[in-house]
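For reference, entry25.pdb (PDB, C-alpha atoms (C1' of nucleotides)):
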```
ATOM      1  CA  MET A1486     -10.369   0.578 -20.484
ATOM      2  CA  LYS A1487      -8.962  -1.082 -23.547
ATOM      3  CA  LEU A1488      -7.116  -4.301 -23.093
ATOM      4  CA  ASN A1489      -4.557  -5.751 -25.422
ATOM      5  CA  ASP A1490      -3.714  -9.393 -26.011
ATOM      6  CA  GLN A1491      -1.312  -9.598 -23.150
ATOM      7  CA  GLU A1492      -3.755  -8.337 -20.632
ATOM      8  CA  VAL A1493      -6.167 -10.299 -18.626
ATOM      9  CA  ALA A1494      -8.755  -8.471 -16.662
ATOM     10  CA  VAL A1495     -10.534  -9.935 -13.701
ATOM     11  CA  GLU A1496     -13.553  -8.538 -12.066
ATOM     12  CA  LEU A1497     -14.344  -9.331  -8.471
ATOM     13  CA  ASN A1498     -16.975  -7.545  -6.418
ATOM     14  CA  GLY A1499     -17.184  -4.789  -8.960
ATOM     15  CA  LYS A1500     -13.488  -4.080  -8.936
ATOM     16  CA  ARG A1501     -11.316  -4.641 -11.931
ATOM     17  CA  TYR A1502      -7.906  -6.110 -11.472
ATOM     18  CA  HIS A1503      -5.043  -6.322 -13.887
ATOM     19  CA  CYS A1504      -3.376  -9.375 -12.468
ATOM     20  CA  ALA A1505      -3.016 -11.697  -9.527
ATOM     21  CA  MET A1506      -0.716  -9.327  -7.642
ATOM     22  CA  ASP A1507      -3.320  -6.633  -7.915
ATOM     23  CA  ILE A1508      -5.941  -8.774  -6.303
ATOM     24  CA  THR A1509      -3.879  -9.814  -3.320
ATOM     25  CA  MET A1510      -2.481  -6.367  -2.692
ATOM     26  CA  ASP A1511      -5.953  -4.941  -2.698
ATOM     27  CA  TYR A1512      -6.753  -7.177   0.257
ATOM     28  CA  ILE A1513      -3.583  -6.800   2.266
ATOM     29  CA  GLY A1514      -2.114  -3.526   1.024
ATOM     30  CA  GLY A1515      -1.677  -0.437   3.119
ATOM     31  CA  LYS A1516       0.236   0.243   6.242
ATOM     32  CA  TRP A1517      -1.690  -1.780   8.781
ATOM     33  CA  LYS A1518      -3.624  -4.700   7.376
ATOM     34  CA  THR A1519      -0.834  -7.247   7.409
ATOM     35  CA  VAL A1520       0.058  -6.251  10.944
ATOM     36  CA  VAL A1521      -3.470  -6.709  12.209
ATOM     37  CA  LEU A1522      -3.874  -9.996  10.386
ATOM     38  CA  TRP A1523      -0.589 -11.188  11.781
ATOM     39  CA  TYR A1524      -1.713 -10.572  15.335
ATOM     40  CA  LEU A1525      -4.889 -12.482  14.647
ATOM     41  CA  ARG A1526      -3.195 -15.435  13.019
ATOM     42  CA  ASN A1527      -3.320 -17.655  16.114
ATOM     43  CA  ASP A1528      -6.079 -16.454  18.374
ATOM     44  CA  LYS A1529      -8.991 -14.130  18.458
ATOM     45  CA  LYS A1530      -8.214 -10.745  19.896
ATOM     46  CA  ARG A1531     -10.290  -7.995  21.374
ATOM     47  CA  PHE A1532     -10.254  -4.418  20.166
ATOM     48  CA  GLY A1533      -8.400  -3.241  23.214
ATOM     49  CA  GLU A1534      -5.867  -6.017  22.963
ATOM     50  CA  LEU A1535      -5.007  -5.056  19.431
ATOM     51  CA  ARG A1536      -4.651  -1.468  20.534
ATOM     52  CA  LYS A1537      -2.090  -2.415  23.119
ATOM     53  CA  LEU A1538      -0.264  -4.687  20.731
ATOM     54  CA  ILE A1539       0.003  -2.001  18.077
ATOM     55  CA  PRO A1540       0.277   1.295  19.947
ATOM     56  CA  GLN A1541       1.549   3.146  16.906
ATOM     57  CA  MET A1542      -1.816   2.760  15.291
ATOM     58  CA  THR A1543      -4.526   5.157  16.363
ATOM     59  CA  GLU A1544      -7.905   3.860  17.429
ATOM     60  CA  ARG A1545      -9.310   5.420  14.344
ATOM     61  CA  MET A1546      -7.028   3.485  12.030
ATOM     62  CA  LEU A1547      -7.573   0.259  13.910
ATOM     63  CA  SER A1548     -11.289   0.719  13.623
ATOM     64  CA  ILE A1549     -11.103   1.427   9.904
ATOM     65  CA  GLN A1550      -8.829  -1.495   9.168
ATOM     66  CA  LEU A1551     -10.960  -3.930  11.154
ATOM     67  CA  LYS A1552     -14.042  -2.792   9.334
ATOM     68  CA  GLN A1553     -12.433  -3.226   5.938
ATOM     69  CA  LEU A1554     -11.019  -6.615   6.796
ATOM     70  CA  GLU A1555     -14.473  -7.666   7.930
ATOM     71  CA  GLU A1556     -16.095  -6.369   4.768
ATOM     72  CA  ASP A1557     -13.539  -8.273   2.760
ATOM     73  CA  GLY A1558     -14.464 -11.403   4.642
ATOM     74  CA  LEU A1559     -11.019 -11.957   6.083
ATOM     75  CA  ILE A1560     -12.000 -11.563   9.712
ATOM     76  CA  ARG A1561     -15.162 -11.959  11.742
ATOM     77  CA  ARG A1562     -16.451  -9.762  14.497
ATOM     78  CA  GLU A1563     -18.252 -11.224  17.477
ATOM     79  CA  VAL A1564     -19.956  -9.145  20.110
ATOM     80  CA  PHE A1565     -20.573 -10.388  23.608
ATOM     81  CA  THR A1566     -23.035  -8.417  25.661
ATOM     82  CA  ASP A1567     -24.283 -11.118  27.982
ATOM     83  CA  LYS A1568     -21.689 -10.563  30.625
ATOM     84  CA  PRO A1569     -21.260  -6.992  31.776
ATOM     85  CA  PRO A1570     -18.221  -5.485  30.126
ATOM     86  CA  LEU A1571     -18.881  -5.130  26.421
ATOM     87  CA  LYS A1572     -16.614  -7.475  24.579
ATOM     88  CA  VAL A1573     -15.857  -7.649  20.885
ATOM     89  CA  GLU A1574     -13.655 -10.344  19.515
ATOM     90  CA  TYR A1575     -11.998 -10.453  16.141
ATOM     91  CA  SER A1576     -10.705 -13.585  14.500
ATOM     92  CA  LEU A1577      -9.715 -14.884  11.094
ATOM     93  CA  THR A1578     -12.335 -16.523   8.932
ATOM     94  CA  ASP A1579     -11.467 -19.531   6.784
ATOM     95  CA  PHE A1580     -10.910 -17.104   3.965
ATOM     96  CA  GLY A1581      -8.577 -15.108   6.163
ATOM     97  CA  LEU A1582      -6.750 -18.266   7.161
ATOM     98  CA  SER A1583      -6.065 -18.913   3.507
ATOM     99  CA  LEU A1584      -3.811 -15.886   3.622
ATOM    100  CA  LEU A1585      -1.440 -17.502   6.096
ATOM    101  CA  PRO A1586       1.119 -18.581   3.506
ATOM    102  CA  VAL A1587       1.290 -15.026   2.255
ATOM    103  CA  LEU A1588       1.546 -13.565   5.726
ATOM    104  CA  ASP A1589       4.215 -16.072   6.657
ATOM    105  CA  ALA A1590       6.286 -15.212   3.624
ATOM    106  CA  VAL A1591       5.949 -11.504   4.287
ATOM    107  CA  ALA A1592       6.889 -11.915   7.934
ATOM    108  CA  LYS A1593       9.811 -14.171   7.162
ATOM    109  CA  TRP A1594      11.358 -11.819   4.639
ATOM    110  CA  GLY A1595      11.070  -8.837   6.926
ATOM    111  CA  ARG A1596      12.421 -10.749   9.872
ATOM    112  CA  GLU A1597      15.403 -11.994   7.932
ATOM    113  CA  LEU A1598      16.179  -8.572   6.605
ATOM    114  CA  GLY A1599      16.060  -7.176  10.104
ATOM    115  CA  GLN A1600      18.252  -9.930  11.444
ATOM    116  CA  SER A1601      20.799  -9.662   8.667
ATOM    117  CA  ASN A1602      21.215  -6.098   9.789
ATOM    118  CA  GLY A1603      21.794  -7.236  13.312
ATOM    119  CA  LYS A1604      18.461  -6.016  14.532
ATOM    120  CA  LEU A1605      15.978  -7.962  16.541
ATOM    121  CA  VAL A1606      12.577  -8.327  15.010
ATOM    122  CA  GLU A1607      10.042 -10.143  17.077
ATOM    123  CA  ILE A1608       6.346 -10.181  17.162
ATOM    124  CA  ASN A1609       3.743 -11.629  19.512
TER     125      ASN A1609
ATOM    126  CA  MET B 605       8.349   7.528  20.030
ATOM    127  CA  LYS B 606       7.943   5.683  23.271
ATOM    128  CA  LEU B 607       8.001   1.946  23.126
ATOM    129  CA  ASN B 608       6.511  -0.428  25.596
ATOM    130  CA  ASP B 609       7.655  -3.914  26.492
ATOM    131  CA  GLN B 610       5.769  -5.601  23.740
ATOM    132  CA  GLU B 611       7.241  -3.487  21.042
ATOM    133  CA  VAL B 612      10.374  -4.047  19.167
ATOM    134  CA  ALA B 613      11.647  -1.281  17.018
ATOM    135  CA  VAL B 614      13.972  -1.833  14.151
ATOM    136  CA  GLU B 615      15.847   0.824  12.356
ATOM    137  CA  LEU B 616      17.004   0.292   8.817
ATOM    138  CA  ASN B 617      18.334   3.037   6.587
ATOM    139  CA  GLY B 618      17.023   5.676   8.888
ATOM    140  CA  LYS B 619      13.502   4.314   8.906
ATOM    141  CA  ARG B 620      11.887   2.911  11.971
ATOM    142  CA  TYR B 621       9.760  -0.146  11.710
ATOM    143  CA  HIS B 622       7.398  -1.652  14.187
ATOM    144  CA  CYS B 623       7.611  -5.224  13.059
ATOM    145  CA  ALA B 624       8.581  -7.601  10.297
ATOM    146  CA  MET B 625       5.418  -6.952   8.299
ATOM    147  CA  ASP B 626       6.209  -3.275   8.306
ATOM    148  CA  ILE B 627       9.592  -3.846   6.783
ATOM    149  CA  THR B 628       8.439  -6.034   3.945
ATOM    150  CA  MET B 629       5.463  -3.892   3.102
ATOM    151  CA  ASP B 630       7.670  -0.861   2.917
ATOM    152  CA  TYR B 631       9.591  -2.560   0.135
ATOM    153  CA  ILE B 632       6.732  -4.041  -1.844
ATOM    154  CA  GLY B 633       3.749  -1.932  -0.819
ATOM    155  CA  GLY B 634       1.814   0.310  -3.105
ATOM    156  CA  LYS B 635      -0.103  -0.344  -6.228
ATOM    157  CA  TRP B 636       2.636  -1.245  -8.656
ATOM    158  CA  LYS B 637       5.777  -2.614  -7.087
ATOM    159  CA  THR B 638       4.750  -6.232  -6.870
ATOM    160  CA  VAL B 639       3.529  -6.131 -10.445
ATOM    161  CA  VAL B 640       6.804  -4.752 -11.758
ATOM    162  CA  LEU B 641       8.830  -7.196  -9.691
ATOM    163  CA  TRP B 642       6.693 -10.022 -10.935
ATOM    164  CA  TYR B 643       7.396  -9.183 -14.541
ATOM    165  CA  LEU B 644      11.086  -9.089 -13.786
ATOM    166  CA  ARG B 645      11.160 -12.365 -11.900
ATOM    167  CA  ASN B 646      12.491 -14.400 -14.801
ATOM    168  CA  ASP B 647      14.269 -12.117 -17.219
ATOM    169  CA  LYS B 648      15.529  -8.633 -17.540
ATOM    170  CA  LYS B 649      13.146  -6.257 -19.207
ATOM    171  CA  ARG B 650      13.503  -2.917 -20.920
ATOM    172  CA  PHE B 651      11.595   0.182 -19.970
ATOM    173  CA  GLY B 652       9.459  -0.012 -23.082
ATOM    174  CA  GLU B 653       8.746  -3.678 -22.573
ATOM    175  CA  LEU B 654       7.438  -3.064 -19.105
ATOM    176  CA  ARG B 655       5.266  -0.293 -20.459
ATOM    177  CA  LYS B 656       3.638  -2.613 -22.918
ATOM    178  CA  LEU B 657       3.215  -5.338 -20.349
ATOM    179  CA  ILE B 658       1.517  -3.006 -17.890
ATOM    180  CA  PRO B 659      -0.400  -0.503 -19.986
ATOM    181  CA  GLN B 660      -2.519   0.646 -17.055
ATOM    182  CA  MET B 661       0.534   2.182 -15.471
ATOM    183  CA  THR B 662       1.591   5.567 -16.761
ATOM    184  CA  GLU B 663       5.184   6.157 -17.780
ATOM    185  CA  ARG B 664       5.509   8.449 -14.842
ATOM    186  CA  MET B 665       4.512   5.768 -12.375
ATOM    187  CA  LEU B 666       6.706   3.184 -14.036
ATOM    188  CA  SER B 667       9.630   5.545 -13.842
ATOM    189  CA  ILE B 668       9.020   6.310 -10.179
ATOM    190  CA  GLN B 669       8.590   2.697  -9.209
ATOM    191  CA  LEU B 670      11.709   1.606 -11.038
ATOM    192  CA  LYS B 671      13.687   4.322  -9.372
ATOM    193  CA  GLN B 672      12.477   3.355  -5.921
ATOM    194  CA  LEU B 673      13.071  -0.323  -6.501
ATOM    195  CA  GLU B 674      16.573   0.512  -7.624
ATOM    196  CA  GLU B 675      17.197   2.699  -4.601
ATOM    197  CA  ASP B 676      15.979  -0.119  -2.408
ATOM    198  CA  GLY B 677      18.472  -2.415  -4.068
ATOM    199  CA  LEU B 678      15.857  -4.801  -5.396
ATOM    200  CA  ILE B 679      16.563  -4.219  -9.070
ATOM    201  CA  ARG B 680      19.499  -3.049 -11.122
ATOM    202  CA  ARG B 681      19.505  -0.701 -14.042
ATOM    203  CA  GLU B 682      21.873  -1.213 -16.924
ATOM    204  CA  VAL B 683      22.293   1.242 -19.750
ATOM    205  CA  PHE B 684      23.574   0.249 -23.162
ATOM    206  CA  THR B 685      24.693   3.067 -25.397
ATOM    207  CA  ASP B 686      27.233   1.232 -27.522
ATOM    208  CA  LYS B 687      24.779   0.079 -30.119
ATOM    209  CA  PRO B 688      22.536   2.730 -31.600
ATOM    210  CA  PRO B 689      19.106   2.553 -30.012
ATOM    211  CA  LEU B 690      19.375   3.559 -26.383
ATOM    212  CA  LYS B 691      18.660   0.555 -24.281
ATOM    213  CA  VAL B 692      18.032   0.316 -20.574
ATOM    214  CA  GLU B 693      17.538  -3.023 -18.953
ATOM    215  CA  TYR B 694      16.121  -3.743 -15.553
ATOM    216  CA  SER B 695      16.615  -6.955 -13.659
ATOM    217  CA  LEU B 696      16.372  -8.344 -10.153
ATOM    218  CA  THR B 697      19.407  -8.193  -7.933
ATOM    219  CA  ASP B 698      20.203 -11.036  -5.558
ATOM    220  CA  PHE B 699      18.404  -9.060  -2.931
ATOM    221  CA  GLY B 700      15.418  -8.748  -5.211
ATOM    222  CA  LEU B 701      15.541 -12.467  -5.927
ATOM    223  CA  SER B 702      15.221 -13.109  -2.213
ATOM    224  CA  LEU B 703      11.708 -11.722  -2.513
ATOM    225  CA  LEU B 704      10.593 -14.508  -4.815
ATOM    226  CA  PRO B 705       8.942 -16.592  -2.094
ATOM    227  CA  VAL B 706       6.896 -13.568  -1.113
ATOM    228  CA  LEU B 707       5.980 -12.727  -4.682
ATOM    229  CA  ASP B 708       5.047 -16.319  -5.364
ATOM    230  CA  ALA B 709       2.777 -16.447  -2.349
ATOM    231  CA  VAL B 710       1.130 -13.177  -3.297
ATOM    232  CA  ALA B 711       0.616 -14.290  -6.888
ATOM    233  CA  LYS B 712      -0.699 -17.676  -5.889
ATOM    234  CA  TRP B 713      -3.292 -16.310  -3.515
ATOM    235  CA  GLY B 714      -4.572 -13.797  -6.034
ATOM    236  CA  ARG B 715      -4.651 -16.364  -8.789
ATOM    237  CA  GLU B 716      -6.585 -18.830  -6.702
ATOM    238  CA  LEU B 717      -9.067 -16.243  -5.619
ATOM    239  CA  GLY B 718      -9.627 -15.250  -9.224
ATOM    240  CA  GLN B 719     -10.020 -18.851 -10.285
ATOM    241  CA  SER B 720     -12.369 -19.756  -7.495
ATOM    242  CA  ASN B 721     -14.592 -17.045  -8.875
ATOM    243  CA  GLY B 722     -14.377 -18.575 -12.290
ATOM    244  CA  LYS B 723     -12.174 -15.874 -13.681
ATOM    245  CA  LEU B 724      -9.005 -16.355 -15.593
ATOM    246  CA  VAL B 725      -5.956 -14.793 -14.093
ATOM    247  CA  GLU B 726      -2.805 -15.155 -16.057
ATOM    248  CA  ILE B 727       0.361 -13.250 -16.189
ATOM    249  CA  ASN B 728       3.345 -13.256 -18.522
TER     250      ASN B 728
ATOM    251  C1'  DG C 478      18.188  19.703 -41.117
ATOM    252  C1'  DC C 479      14.228  16.777 -39.677
ATOM    253  C1'  DA C 480      11.568  12.962 -38.218
ATOM    254  C1'  DA C 481      11.678   8.828 -35.396
ATOM    255  C1'  DT C 482      12.693   6.000 -31.410
ATOM    256  C1'  DA C 483      13.780   5.187 -26.570
ATOM    257  C1'  DA C 484      13.792   6.563 -22.040
ATOM    258  C1'  DC C 485      12.666   9.403 -19.264
ATOM    259  C1'  DT C 486      11.150  14.198 -16.525
ATOM    260  C1'  DA C 487       8.232  18.187 -15.175
ATOM    261  C1'  DT C 488       4.066  20.206 -13.911
ATOM    262  C1'  DC C 489      -0.256  20.328 -12.095
ATOM    263  C1'  DA C 490      -4.144  18.093 -10.141
ATOM    264  C1'  DA C 491      -6.882  14.704  -7.807
ATOM    265  C1'  DA C 492      -7.645  10.903  -4.958
ATOM    266  C1'  DA C 493      -6.528   7.941  -1.199
ATOM    267  C1'  DA C 494      -4.422   6.952   3.097
ATOM    268  C1'  DT C 495      -3.141   8.329   7.461
ATOM    269  C1'  DG C 496      -2.978  11.087  11.812
ATOM    270  C1'  DG C 497      -4.749  13.654  16.233
ATOM    271  C1'  DT C 498      -8.053  14.611  19.231
ATOM    272  C1'  DA C 499     -12.387  14.804  21.217
ATOM    273  C1'  DG C 500     -16.741  12.884  21.783
ATOM    274  C1'  DT C 501     -20.473   9.103  21.835
ATOM    275  C1'  DA C 502     -23.120   4.774  23.274
ATOM    276  C1'  DC C 503     -23.878   1.277  26.319
ATOM    277  C1'  DC C 504     -23.648  -1.126  30.193
ATOM    278  C1'  DG C 505     -23.348  -2.165  35.492
ATOM    279  C1'  DA C 506     -21.513  -0.844  39.988
ATOM    280  C1'  DA C 507     -21.360   2.292  43.780
TER     281       DA C 507
ATOM    282  C1'  DT D 914     -26.820   9.640  39.304
ATOM    283  C1'  DT D 915     -22.431   9.921  38.512
ATOM    284  C1'  DC D 916     -18.262   6.920  37.212
ATOM    285  C1'  DG D 917     -15.451   3.789  34.906
ATOM    286  C1'  DG D 918     -14.732   0.383  31.313
ATOM    287  C1'  DT D 919     -15.023  -0.992  26.446
ATOM    288  C1'  DA D 920     -15.555  -0.100  21.828
ATOM    289  C1'  DC D 921     -15.964   2.692  18.918
ATOM    290  C1'  DT D 922     -17.236   7.353  15.698
ATOM    291  C1'  DA D 923     -16.836  12.299  14.044
ATOM    292  C1'  DC D 924     -14.338  15.926  12.446
ATOM    293  C1'  DC D 925     -10.616  18.111  10.423
ATOM    294  C1'  DA D 926      -5.989  18.398   8.687
ATOM    295  C1'  DT D 927      -2.059  16.639   6.529
ATOM    296  C1'  DT D 928       0.680  13.474   3.952
ATOM    297  C1'  DT D 929       1.254  10.181   0.485
ATOM    298  C1'  DT D 930       0.128   8.143  -3.634
ATOM    299  C1'  DT D 931      -1.500   8.143  -8.048
ATOM    300  C1'  DG D 932      -3.026  10.122 -12.556
ATOM    301  C1'  DA D 933      -2.956  12.850 -17.185
ATOM    302  C1'  DT D 934      -0.414  15.027 -20.311
ATOM    303  C1'  DA D 935       3.159  17.499 -22.408
ATOM    304  C1'  DG D 936       7.956  18.260 -22.804
ATOM    305  C1'  DT D 937      13.152  16.860 -22.775
ATOM    306  C1'  DT D 938      17.528  14.520 -24.131
ATOM    307  C1'  DA D 939      20.181  11.714 -27.007
ATOM    308  C1'  DT D 940      21.141   9.400 -31.198
ATOM    309  C1'  DT D 941      20.542   7.510 -35.844
ATOM    310  C1'  DG D 942      18.687   7.208 -40.454
ATOM    311  C1'  DC D 943      17.033   9.721 -44.324
TER     312       DC D 943
END
```
Show me, as structure tokens, the structure contained in the file I just sent.
Amino acid sequence: MKLNDQEVAVELNGKRYHCAMDITMDYIGGKWKTVVLWYLRNDKKRFGELRKLIPQMTERMLSIQLKQLEEDGLIRREVFTDKPPLKVEYSLTDFGLSLLPVLDAVAKWGRELGQSNGKLVEIN
Amino acid sequence: MKLNDQEVAVELNGKRYHCAMDITMDYIGGKWKTVVLWYLRNDKKRFGELRKLIPQMTERMLSIQLKQLEEDGLIRREVFTDKPPLKVEYSLTDFGLSLLPVLDAVAKWGRELGQSNGKLVEIN
DNA sequence: GCAATAACTATCAAAAATGGTAGTACCGAA
DNA sequence: TTCGGTACTACCATTTTTGATAGTTATTGC
């Protein structure tokens, strides 16, 4: 790709980005990632808990999103096999926590838009 | 769609959203919208200017994004035919301006990630 | 009349994201 | 040894998004 004077290319993990927006959206873009991250913002959550919290999302999508978020280093996955029922907990890493200002801004805007239309928008 | 106790559904313009994140991401999601909005954050820009600023985006995509942003009420489109060369200017509406905190947060995070990897990330 | 500029639009194709459903792996309890 | 709980994974189909390129409209200057 040819770049002109105005352009600045950044390469991270083999991906080439055009600008700062690009980078962030690559991490949180798509239909579900922000939602999952939002539910993890305070506490760790188990797979099944997330399922119940976001019933619109299929198990398949939840699984895919969690895997990608883990690969991106935003969340960590901890497995507990010691005590009988298999337990897997997901939580934000420090890197994931650094996204909080973004998530807050996104949540705030959506909430305000919903409210200004007289609709209730709550979460958690 | 059946909703359980935890869920809150919001309906805006015929679309149903699950939560605040949903709403915002519907407005700014996708590969290009945040980039276009970012370039419009300070001044109005013409179609051709945006093209030059974002050469990776095809005219087709630029056209589609601008149209959607306009339909969503985030930007306005002004046509000037009085003086010879056809001129179309795009700028943020008040509604679009309300997104600035979100755009800032998104830009900041991406910029910092780029910088922490020793890469330069500039825009505009 | 003809080229040039600006702002699109149309067409076709490919890639990416999402959805629905069924099935698997691993335990311990009964 | 079958059963239930938990956390997935496989498979296939569909929808959505994006890309490449050529063509269109309108207008002015030459």
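Closest to chain A among B:Asp686, B:Asp698, B:Glu716, B:Glu663 is B:Glu716, based on all atoms listed in the file.
All residues of protein, DNA or RNA that reach within 9 Å of stretch 479-494 of chain C, judged by all atoms listed in the file and not counting those fewer than 2 positions away in the chain, are Gly1515 and Lys1516 of chain A; Phe651, Gly652, Glu663, Arg664, Ser667, Pro689, Leu690, Lys691 and Val692 of chain B; DT928, DT929, DT930, DT931, DG932, DA933, DA935, DG936, DT937, DT938, DT941, DG942 and DC943 of chain D.
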For atom CA of B:Gly718 and atom CA of B:Ile632, determine how far apart the two atoms are, in Å to one decimal place. 21.2 Å
What would the selection look like, as a VMD selection string, if the PyMOL selection byres ((chain B and resi 672) around 12) were run on the coordinates I just shared? chain B and resid 630 to 634 636 to 637 640 to 641 665 to 671 673 to 681
Centre and edges of the stretch 699-705 of chain B box, axis-aligned, 3 Å extra per side, as JSON:
```
{"center_x": 13.7, "center_y": -12.7, "center_z": -4.0, "size_x": 15.5, "size_y": 13.8, "size_z": 9.8}
```
So which residues touch D:DT927 within 12 Å, counting all atoms listed in the file, skipping near sequence neighbours fewer than 3 positions away, as a PDB file with C-alpha atoms (C1' of nucleotides), in the coordinates of the input?
```pdb
ATOM      1  C1'  DA C 494      -4.422   6.952   3.097  1.00  0.00           C
ATOM      2  C1'  DT C 495      -3.141   8.329   7.461  1.00  0.00           C
ATOM      3  C1'  DG C 496      -2.978  11.087  11.812  1.00  0.00           C
ATOM      4  C1'  DG C 497      -4.749  13.654  16.233  1.00  0.00           C
TER       5       DG C 497
END
```
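Nearest to chain A of all the residues D:DA939, D:DA926, D:DC921, D:DC916 is D:DC921, counting only C-alpha atoms (C1' of nucleotides).
Matched in the shown structure by the PyMOL selection byres ((chain B and resi 646) around 10): Leu641, Trp642, Tyr643, Leu644, Arg645, Asp647, Lys648, Lys649, Ser695, Leu696, Leu701 and Asn728 of chain B.
Closest approach to chain A among B:Val710, B:Gly722, B:Thr685, B:Gly618 is made by B:Val710 (distances from all atoms listed in the file).
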On this file, the PyMOL selection byres ((chain C and resi 507) around 10) gives some set of residues; write that set as JSON, numbers by chain. {"C": [505, 506], "D": [915, 916]}
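Straight-line separation from atom CA of A:Leu1535 to atom CA of B:His622: 13.9 Å.
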